[in-house]
Amino acid sequence: MKFLIFSALLVSTSNAFSPSANQNFQSSTRRTTTTTTSSSTTLFNIPPPSTDDKVAFKKYADKQSAPSSFFELQQDCIRSTKLAIRDGLKLLEVEFPPLPANVLELDDVSAYDVAQANLKLALEYAKGFTSDDMNVAVLFPDESEARIGIETLTGREDVGVITEVEPGITVSSLRRSEEGDDRSFKPEQTFLNLFGRGNSGDVKPLPGIDLYICVVASAQELPDIEELHNQVTDVPVVLYNLKLDILRGDLGAPAFPPKAFQDRFLSRVKPVYYLRTRQYSRSTNKPPFLVNYQGCLFRAYPGQYQTLLDTGTGSYRRLMGNDVRPGLGEFKEQLTQALRDEGVLPQSEGSALNFLRTGYKTTTWWEEDREEASNDWKT
């Protein structure tokens with residue numbers, strides 16, 4: 001049943017991504033221009049400027065539309081990643097919903113389904129680099145997860161922990177045992193993972209790899225990605241759909257990496273493709289008494305972080321762009337202010353009520369300026 005769910009997604013039409021159908025993607029690439037004679041001309045499939053023209057392409061990327069399908073999303077991801085690599089960036093983040101919102105809300109969709117969706121998307125993403133004669137490795141956190149992923153992709157059970165599943169694409173794991181160690185259960189690794197610590201000797205890069213794509217890692221496994229990067233500092237590493245915003249919230253808790261890990265490593269990870277949707281509700285003293293609204297924070301490198309408001313008509317409206325990534329509280333306020341300006345919400349509800357709605361603090365600890373942290377993660 002779960003594999004049927006994912007198979008159906010791959011053949012979904014672009015209508016499945018429209019915000020009005022509870023999908024958080026823009027549903028049209030249509031552009032309208034006005035001539036000097038005041039007549040309206042509708043243009044379709046306007047190609048973007050060449051990526052060789054950095055000034056023109058930056059201007060285009062600043063106002064790039066959100067994707068209308070997974071195919072368009074993948075092409076945008078690949079292009080943004082290639083541009084970032086061309087600019088010399090080595091730690092990259094790609095983040096977007098791996099399944100349509102209405103599918104994620106189904107009761108029978110598990111974390112396993114999401115992981116399998118991410119694996120298939122990562123494999124398609126990796127194919128975009130093999131055409132440039134790059135060897136790509138898709139890495140799971142440990143050997144057991146890698147074997148499950150390889151079995152899913154190949155349909156074979158007699159597979160090793162390092163397997164080339166497509167020409168130029170290898171699936172393996174960050175942590176690998178020494179040759180000759182065939183134990184199916186390794187208590188020392190379980191102990192280290194329990195306390196959020198990894199054995200650096202078990203993190204091994206693969207020879208001849210030009211790009212690493214790390215998938216389905218937890219907060220406790222993020223230090224292994226740091227160790228990989230430290231061993232191959234000249235090879236780009238992509239943190240693919242790891243939900244870093246959520247994982248950052250676990251830092252500093254017992255058995256998790258300390259908050260200093262954000263300053264030391266995660267703050268250096270550049271979001272090259274970022275599409276994060278948010279839904280909010282607001283009560284009013286007039287009909288309809290409850291206003292539901294949603295928006296999207298969208299960035300395609302080298303463009304700005306765009307605040308997009310779901311218009312409820314199958315498209316997003318761009319509210320503003322920022323060179324610095326807005327915090328979650330600031331992003332919500334930008335959406336709310338747009339509704340105030342349109343008269344959907346009252347301009348003011350009194351200082352006391354406004355304070356109760358927002359609280360005394362509107363940023364998380366990692367969004368604040370931290371002396372030891374890099375600004376790469378938000379620029």
# chains A, B, ... in the order shown; residues from 1 in each chain; ligands from 1
>>> residues_around(residues="Leu153 in chain A", least_positions_apart="6", cutoff="12 Å", atoms="only C-alpha atoms", output="number ranges by chain")
A: 116-117, 119-124, 146-147, 159, 163-166, 169-171
>>> write_last_selection(atoms="N, CA and C atoms", output="PDB file, in the first residue's frame")
ATOM      1  N   GLN A 116      11.829   6.750   2.119  1.00  0.00           N
ATOM      2  CA  GLN A 116      11.908   6.163   0.792  1.00  0.00           C
ATOM      3  C   GLN A 116      11.669   7.212  -0.289  1.00  0.00           C
ATOM      4  N   ALA A 117      10.759   8.150  -0.023  1.00  0.00           N
ATOM      5  CA  ALA A 117      10.530   9.240  -0.981  1.00  0.00           C
ATOM      6  C   ALA A 117      11.790  10.076  -1.135  1.00  0.00           C
ATOM      7  N   LEU A 119      14.852   9.119  -0.634  1.00  0.00           N
ATOM      8  CA  LEU A 119      15.868   8.336  -1.329  1.00  0.00           C
ATOM      9  C   LEU A 119      15.664   8.403  -2.834  1.00  0.00           C
ATOM     10  N   LYS A 120      14.443   8.209  -3.288  1.00  0.00           N
ATOM     11  CA  LYS A 120      14.164   8.239  -4.725  1.00  0.00           C
ATOM     12  C   LYS A 120      14.410   9.634  -5.299  1.00  0.00           C
ATOM     13  N   LEU A 121      14.025  10.667  -4.541  1.00  0.00           N
ATOM     14  CA  LEU A 121      14.272  12.033  -5.004  1.00  0.00           C
ATOM     15  C   LEU A 121      15.769  12.337  -5.042  1.00  0.00           C
ATOM     16  N   ALA A 122      16.501  11.850  -4.040  1.00  0.00           N
ATOM     17  CA  ALA A 122      17.951  12.066  -4.006  1.00  0.00           C
ATOM     18  C   ALA A 122      18.634  11.375  -5.180  1.00  0.00           C
ATOM     19  N   LEU A 123      18.132  10.203  -5.559  1.00  0.00           N
ATOM     20  CA  LEU A 123      18.709   9.484  -6.691  1.00  0.00           C
ATOM     21  C   LEU A 123      18.493  10.256  -7.992  1.00  0.00           C
ATOM     22  N   GLU A 124      17.285  10.790  -8.178  1.00  0.00           N
ATOM     23  CA  GLU A 124      17.020  11.598  -9.371  1.00  0.00           C
ATOM     24  C   GLU A 124      17.856  12.871  -9.355  1.00  0.00           C
ATOM     25  N   ALA A 146      21.575   1.763   4.923  1.00  0.00           N
ATOM     26  CA  ALA A 146      22.073   1.737   3.544  1.00  0.00           C
ATOM     27  C   ALA A 146      21.648   0.463   2.839  1.00  0.00           C
ATOM     28  N   ARG A 147      21.729  -0.680   3.533  1.00  0.00           N
ATOM     29  CA  ARG A 147      21.343  -1.949   2.902  1.00  0.00           C
ATOM     30  C   ARG A 147      19.857  -1.954   2.546  1.00  0.00           C
ATOM     31  N   VAL A 159      23.308  -7.721  -1.420  1.00  0.00           N
ATOM     32  CA  VAL A 159      24.023  -6.511  -1.817  1.00  0.00           C
ATOM     33  C   VAL A 159      25.013  -6.127  -0.730  1.00  0.00           C
ATOM     34  N   THR A 163      27.345   0.045  -3.082  1.00  0.00           N
ATOM     35  CA  THR A 163      26.771  -0.485  -4.312  1.00  0.00           C
ATOM     36  C   THR A 163      26.537   0.643  -5.299  1.00  0.00           C
ATOM     37  N   GLU A 164      26.984   0.455  -6.538  1.00  0.00           N
ATOM     38  CA  GLU A 164      26.697   1.415  -7.600  1.00  0.00           C
ATOM     39  C   GLU A 164      25.332   1.071  -8.182  1.00  0.00           C
ATOM     40  N   VAL A 165      24.329   1.885  -7.880  1.00  0.00           N
ATOM     41  CA  VAL A 165      22.959   1.601  -8.290  1.00  0.00           C
ATOM     42  C   VAL A 165      22.649   2.168  -9.667  1.00  0.00           C
ATOM     43  N   GLU A 166      23.394   3.160 -10.094  1.00  0.00           N
ATOM     44  CA  GLU A 166      23.287   3.749 -11.421  1.00  0.00           C
ATOM     45  C   GLU A 166      24.703   4.105 -11.861  1.00  0.00           C
ATOM     46  N   ILE A 169      26.646   6.639  -9.752  1.00  0.00           N
ATOM     47  CA  ILE A 169      25.941   6.904  -8.492  1.00  0.00           C
ATOM     48  C   ILE A 169      26.117   5.704  -7.564  1.00  0.00           C
ATOM     49  N   THR A 170      26.736   5.945  -6.418  1.00  0.00           N
ATOM     50  CA  THR A 170      26.973   4.902  -5.423  1.00  0.00           C
ATOM     51  C   THR A 170      26.147   5.190  -4.181  1.00  0.00           C
ATOM     52  N   VAL A 171      25.527   4.168  -3.635  1.00  0.00           N
ATOM     53  CA  VAL A 171      24.792   4.289  -2.370  1.00  0.00           C
ATOM     54  C   VAL A 171      25.581   3.546  -1.299  1.00  0.00           C
TER      55      VAL A 171
END
>>> residues_around(residues="Asn375 in chain A", least_positions_apart="4", cutoff="12 Å", atoms="only C-alpha atoms", output="VMD selection string")
chain A and resid 262 to 271 323 to 325 366 to 371 379
>>> residues_around(residues="Leu239 in chain A", least_positions_apart="5", cutoff="7 Å", atoms="only C-alpha atoms", output="list in words")
Leu92, Glu93, Val94, Ile213, Cys214 and Val215 of chain A
>>> write_last_selection(atoms="N, CA and C atoms", output="PDB file, in the first residue's frame")
ATOM      1  N   LEU A  92      26.361  22.401   1.643  1.00  0.00           N
ATOM      2  CA  LEU A  92      25.143  22.871   0.998  1.00  0.00           C
ATOM      3  C   LEU A  92      23.918  22.201   1.612  1.00  0.00           C
ATOM      4  N   GLU A  93      22.823  22.958   1.659  1.00  0.00           N
ATOM      5  CA  GLU A  93      21.545  22.419   2.142  1.00  0.00           C
ATOM      6  C   GLU A  93      20.507  22.495   1.038  1.00  0.00           C
ATOM      7  N   VAL A  94      19.784  21.399   0.850  1.00  0.00           N
ATOM      8  CA  VAL A  94      18.615  21.354  -0.017  1.00  0.00           C
ATOM      9  C   VAL A  94      17.444  20.923   0.848  1.00  0.00           C
ATOM     10  N   ILE A 213      25.901  13.230  -1.043  1.00  0.00           N
ATOM     11  CA  ILE A 213      24.537  13.618  -0.707  1.00  0.00           C
ATOM     12  C   ILE A 213      24.132  12.818   0.525  1.00  0.00           C
ATOM     13  N   CYS A 214      23.934  13.492   1.648  1.00  0.00           N
ATOM     14  CA  CYS A 214      23.602  12.824   2.907  1.00  0.00           C
ATOM     15  C   CYS A 214      22.098  12.884   3.142  1.00  0.00           C
ATOM     16  N   VAL A 215      21.491  11.719   3.395  1.00  0.00           N
ATOM     17  CA  VAL A 215      20.037  11.632   3.554  1.00  0.00           C
ATOM     18  C   VAL A 215      19.688  10.998   4.907  1.00  0.00           C
TER      19      VAL A 215
END
>>> atom_distance(atom1="CA of Lys58 in chain A", atom2="CA of Gly312 in chain A")
28.7 Å
>>> select_by_dssp(residues="range 136-260 of chain A", states="strand (DSSP E or B)", output="PyMOL selection string")
chain A and resi 136-140+163-166+169-173+175+203+211-214+237-240
>>> select_by_dssp(residues="range 147-365 of chain A", states="helix (DSSP H, G or I)", output="PyMOL selection string")
chain A and resi 147-154+187-194+200-202+219-231+244-248+260-264+266-268+328-341+351-358+365
>>> write_last_selection(atoms="C-alpha atoms", output="short mmCIF file (atom, residue, chain, number, x, y, z; two decimals), in the first residue's frame")
data_model
loop_
_atom_site.label_atom_id
_atom_site.label_comp_id
_atom_site.auth_asym_id
_atom_site.auth_seq_id
_atom_site.Cartn_x
_atom_site.Cartn_y
_atom_site.Cartn_z
CA ARG A 147 21.34 -1.95 2.90
CA ILE A 148 17.59 -1.33 3.14
CA GLY A 149 17.89 1.54 0.69
CA ILE A 150 20.02 -0.46 -1.74
CA GLU A 151 17.62 -3.42 -1.59
CA THR A 152 14.74 -1.06 -2.34
CA LEU A 153 16.51 0.41 -5.36
CA THR A 154 17.93 -2.81 -6.80
CA PRO A 187 26.86 -2.82 20.47
CA GLU A 188 29.67 -0.23 20.45
CA GLN A 189 27.96 1.80 17.73
CA THR A 190 24.63 1.59 19.54
CA PHE A 191 26.29 2.89 22.70
CA LEU A 192 27.95 5.79 20.89
CA ASN A 193 24.74 6.78 19.10
CA LEU A 194 22.83 6.67 22.38
CA SER A 200 35.57 9.30 13.83
CA GLY A 201 37.47 6.20 12.72
CA ASP A 202 34.22 4.65 11.45
CA ALA A 219 20.47 15.22 15.03
CA GLN A 220 22.69 12.64 16.74
CA GLU A 221 24.16 11.63 13.37
CA LEU A 222 24.97 15.13 12.15
CA PRO A 223 28.49 15.07 13.72
CA ASP A 224 29.29 12.18 11.36
CA ILE A 225 28.60 14.51 8.42
CA GLU A 226 30.93 17.06 10.00
CA GLU A 227 33.60 14.37 10.29
CA LEU A 228 33.14 13.44 6.63
CA HIS A 229 33.54 17.07 5.60
CA ASN A 230 36.68 17.40 7.71
CA GLN A 231 38.19 14.42 5.90
CA LEU A 244 17.82 21.15 9.86
CA ASP A 245 15.46 23.73 11.37
CA ILE A 246 13.88 20.96 13.43
CA LEU A 247 17.14 19.21 14.24
CA ARG A 248 18.66 22.46 15.52
CA ALA A 260 28.06 24.81 19.96
CA PHE A 261 27.57 22.38 17.07
CA GLN A 262 25.36 25.00 15.41
CA ASP A 263 28.14 27.58 15.68
CA ARG A 264 30.91 25.21 14.65
CA LEU A 266 25.58 23.91 10.93
CA SER A 267 25.95 27.68 10.65
CA ARG A 268 28.39 27.07 7.78
CA LEU A 328 10.24 32.12 11.65
CA GLY A 329 8.64 34.83 13.78
CA GLU A 330 9.57 37.53 11.26
CA PHE A 331 8.26 35.41 8.39
CA LYS A 332 4.91 34.95 10.15
CA GLU A 333 4.67 38.68 10.81
CA GLN A 334 5.31 39.43 7.12
CA LEU A 335 2.38 37.20 6.12
CA THR A 336 0.16 38.65 8.85
CA GLN A 337 0.98 42.24 7.89
CA ALA A 338 0.01 41.53 4.29
CA LEU A 339 -3.42 40.39 5.49
CA ARG A 340 -3.70 43.54 7.62
CA ASP A 341 -2.89 45.71 4.62
CA SER A 351 -0.71 46.26 22.74
CA ALA A 352 -1.73 43.71 25.36
CA LEU A 353 -3.33 41.30 22.87
CA ASN A 354 -0.53 41.77 20.38
CA PHE A 355 1.96 40.85 23.10
CA LEU A 356 -0.02 37.74 24.02
CA ARG A 357 -0.03 36.65 20.38
CA THR A 358 3.70 37.14 19.77
CA TRP A 365 18.29 30.73 19.96
#
>>> closest_residue(among="A:Met134, A:Pro207, A:Leu106, A:Arg318", to="Ile162 in chain A", atoms="only C-alpha atoms")
A:Pro207
>>> closest_residue(among="A:Leu206, A:Leu242, A:Val237, A:Val272", to="Val114 in chain A", atoms="only C-alpha atoms")
A:Leu242
>>> atom_distance(atom1="CA of Ser374 in chain A", atom2="CA of Pro257 in chain A")
17.8 Å
>>> closest_residue(among="A:Val235, A:Asp76, A:Pro254, A:Ala61", to="Gly208 in chain A", atoms="only C-alpha atoms")
A:Val235
>>> atom_distance(atom1="CA of Pro141 in chain A", atom2="CA of Ser218 in chain A")
8.3 Å
>>> residues_around(residues="Phe289 in chain A", least_positions_apart="5", cutoff="12 Å", atoms="only C-alpha atoms", output="MDAnalysis selection string")
chainID A and resid 281:284 344:346
>>> residues_around(residues="Gln294 in chain A", least_positions_apart="6", cutoff="7 Å", atoms="only C-alpha atoms", output="JSON, numbers by chain")
{"A": [278, 279, 280, 309, 310]}
>>> residues_around(residues="Arg276 in chain A", least_positions_apart="6", cutoff="10 Å", atoms="only C-alpha atoms", output="ChimeraX atom specification")
/A:24,95-97,243,295-299
